[in-house]
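K.L.:
File follows, my_file_35.pdb with PDB, C-alpha atoms and all ligand atoms:
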```pdb
ATOM      1  CA  MET G   1       1.147  -9.428  23.412
ATOM      2  CA  VAL G   2       2.461  -9.941  19.898
ATOM      3  CA  GLN G   3      -0.717 -11.829  19.146
ATOM      4  CA  CYS G   4      -2.843  -8.808  20.096
ATOM      5  CA  ILE G   5      -1.002  -6.686  17.569
ATOM      6  CA  HIS G   6      -1.513  -9.282  14.853
ATOM      7  CA  ARG G   7      -5.193  -9.481  15.653
ATOM      8  CA  HIS G   8      -5.547  -5.715  15.425
ATOM      9  CA  THR G   9      -3.761  -5.623  12.075
ATOM     10  CA  PHE G  10      -5.968  -8.418  10.766
ATOM     11  CA  TRP G  11      -9.179  -6.561  11.608
ATOM     12  CA  SER G  12      -7.896  -3.304  10.135
ATOM     13  CA  PHE G  13      -7.249  -5.236   6.961
ATOM     14  CA  VAL G  14     -10.736  -6.737   6.970
ATOM     15  CA  MET G  15     -12.314  -3.329   7.502
ATOM     16  CA  ILE G  16     -10.400  -1.951   4.517
ATOM     17  CA  LEU G  17     -11.671  -4.842   2.395
ATOM     18  CA  VAL G  18     -15.252  -4.297   3.564
ATOM     19  CA  ALA G  19     -15.010  -0.562   2.932
ATOM     20  CA  GLY G  20     -13.908  -1.310  -0.621
ATOM     21  CA  THR G  21     -16.985  -3.362  -1.516
ATOM     22  CA  ALA G  22     -20.429  -2.305  -2.654
ATOM     23  CA  ASN G  23     -21.815  -3.602   0.631
ATOM     24  CA  ALA G  24     -20.293  -0.598   2.339
ATOM     25  CA  ILE G  25     -22.667   1.698   0.448
ATOM     26  CA  PRO G  26     -25.733   2.515   2.536
ATOM     27  CA  ALA G  27     -28.845   0.782   1.201
ATOM     28  CA  ALA G  28     -30.931   3.909   1.738
ATOM     29  CA  VAL G  29     -29.476   6.230  -0.868
ATOM     30  CA  ASP G  30     -30.747   9.776  -0.942
ATOM     31  CA  PRO G  31     -32.883   9.905  -4.130
ATOM     32  CA  SER G  32     -31.739  13.462  -4.823
ATOM     33  CA  GLU G  33     -28.137  12.327  -4.884
ATOM     34  CA  PRO G  34     -26.912  12.036  -8.482
ATOM     35  CA  VAL G  35     -25.901   8.568  -9.596
ATOM     36  CA  TYR G  36     -23.127   7.646 -11.977
ATOM     37  CA  CYS G  37     -21.536   4.773 -13.764
ATOM     38  CA  TYR G  38     -22.948   1.513 -15.183
ATOM     39  CA  CYS G  39     -23.961   0.539 -11.679
ATOM     40  CA  GLN G  40     -26.125   3.630 -11.095
ATOM     41  CA  ARG G  41     -24.703   4.273  -7.671
ATOM     42  CA  VAL G  42     -23.671   7.534  -6.048
ATOM     43  CA  SER G  43     -20.088   8.679  -6.344
ATOM     44  CA  PHE G  44     -17.598   7.152  -3.951
ATOM     45  CA  GLY G  45     -13.889   6.507  -3.839
ATOM     46  CA  GLU G  46     -11.912   7.202  -6.977
ATOM     47  CA  MET G  47     -13.961   8.290  -9.988
ATOM     48  CA  ILE G  48     -12.883   8.707 -13.608
ATOM     49  CA  ALA G  49     -14.536  10.829 -16.277
ATOM     50  CA  CYS G  50     -15.036   9.616 -19.847
ATOM     51  CA  ASP G  51     -13.313  11.968 -22.286
ATOM     52  CA  ASN G  52     -16.145  11.751 -24.810
ATOM     53  CA  GLU G  53     -18.156  14.978 -24.435
ATOM     54  CA  ASP G  54     -21.308  13.142 -25.503
ATOM     55  CA  CYS G  55     -20.878  10.320 -23.033
ATOM     56  CA  ALA G  56     -24.215   9.301 -21.578
ATOM     57  CA  ILE G  57     -22.752   8.484 -18.209
ATOM     58  CA  GLU G  58     -19.549  10.507 -17.993
ATOM     59  CA  TRP G  59     -18.413   9.452 -14.524
ATOM     60  CA  PHE G  60     -17.384   5.960 -13.508
ATOM     61  CA  HIS G  61     -16.151   4.235 -10.419
ATOM     62  CA  PHE G  62     -12.617   2.940 -10.732
ATOM     63  CA  GLU G  63     -13.686  -0.512  -9.587
ATOM     64  CA  CYS G  64     -16.487  -0.727 -12.186
ATOM     65  CA  VAL G  65     -14.149  -0.077 -15.108
ATOM     66  CA  GLY G  66     -11.333  -2.245 -13.788
ATOM     67  CA  LEU G  67      -9.071   0.599 -12.761
ATOM     68  CA  THR G  68      -7.068   1.103  -9.610
ATOM     69  CA  PRO G  69      -5.274   4.243  -8.408
ATOM     70  CA  GLU G  70      -2.072   2.388  -9.341
ATOM     71  CA  ASN G  71      -2.996   1.812 -12.996
ATOM     72  CA  ARG G  72      -4.853   5.111 -13.378
ATOM     73  CA  PRO G  73      -4.715   5.973 -17.096
ATOM     74  CA  LYS G  74      -2.530   8.870 -18.157
ATOM     75  CA  GLY G  75      -4.136  11.203 -20.651
ATOM     76  CA  LYS G  76      -7.502  10.499 -22.181
ATOM     77  CA  TRP G  77      -9.793   7.707 -21.106
ATOM     78  CA  TYR G  78     -12.998   6.493 -22.723
ATOM     79  CA  CYS G  79     -15.598   4.201 -21.253
ATOM     80  CA  LYS G  80     -16.521   0.888 -22.852
ATOM     81  CA  GLU G  81     -19.443   2.347 -24.842
ATOM     82  CA  CYS G  82     -17.461   5.284 -26.164
ATOM     83  CA  THR G  83     -14.528   3.070 -27.089
ATOM     84  CA  GLN G  84     -16.907   0.947 -29.153
ATOM     85  CA  LEU G  85     -18.575   3.996 -30.702
ATOM     86  CA  LYS G  86     -15.207   5.382 -31.756
ATOM     87  CA  LYS G  87     -14.277   2.062 -33.332
ATOM     88  CA  ALA G  88     -17.645   1.817 -35.126
ATOM     89  CA  SER G  89     -17.361   5.320 -36.559
ATOM     90  CA  ARG G  90     -14.078   4.542 -38.291
TER      91      ARG G  90
HETATM   92 ZN    ZN G 101     -19.920   1.928 -10.633
HETATM   93 ZN    ZN G 102     -18.170   7.418 -22.365
END
```
Is it possible to give me this structure as structure tokens?
P.N.:
Amino acid sequence: MVQCIHRHTFWSFVMILVAGTANAIPAAVDPSEPVYCYCQRVSFGEMIACDNEDCAIEWFHFECVGLTPENRPKGKWYCKECTQLKKASR
């Protein structure tokens, strides 16, 4: 019976992994649904907003900018483009 429990835990783990990948996003995306981020996908999971008011994209998926809920930035956050723009303007 212990084996059954292990098996169940294993599959729960796999499902969490699958749910965390892009493959979990339905292929048929509603065209009226706004898209965000570098990847031009709809919003899902944790999103972060770029603090540059003129940001072209504004909203990003955590996974696309290398963030996790654990290392969520405190205070302001700028996307890659805006970070470069700020550097260039100095
Ligand atoms: Zn993305
Ligand atoms: Zn930005």
K.L.:
Fewer than 3 positions away in the same chain doesn't count, so skip those; otherwise give me all residues within 10 Å of stretch 76-83 of chain G, counting all atoms listed in the file, as an MDAnalysis selection string.
P.N.:
chainID G and resid 37:38 48:60 65 72:73 86:88
K.L.:
Around ligand ZN 101 (chain G), out to 10 Å and counting only C-alpha atoms and all ligand atoms, which residues are there? I want them as a list of chain:residue names.
P.N.:
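Sorted by chain and then by number, the residues are G:Ala22, G:Val35, G:Tyr36, G:Cys37, G:Tyr38, G:Cys39, G:Gln40, G:Arg41, G:Val42, G:Ser43, G:Phe44, G:Met47, G:Trp59, G:Phe60, G:His61, G:Phe62, G:Glu63, G:Cys64, G:Val65.
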K.L.:
Can you work out which one of G:Ser32, G:Ser89, G:Thr68, G:Gln84 has the shortest atom-to-atom distance to ligand ZN 102 (chain G), counting only C-alpha atoms and all ligand atoms?
P.N.:
G:Gln84
K.L.:
Using all atoms listed in the file, can you tell me which of G:Gly45, G:Glu33, G:Asn71, G:Leu85 comes closest to ligand ZN 102 (chain G)?
P.N.:
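That would be G:Leu85, the residue with the smallest distance to ligand ZN 102 (chain G).
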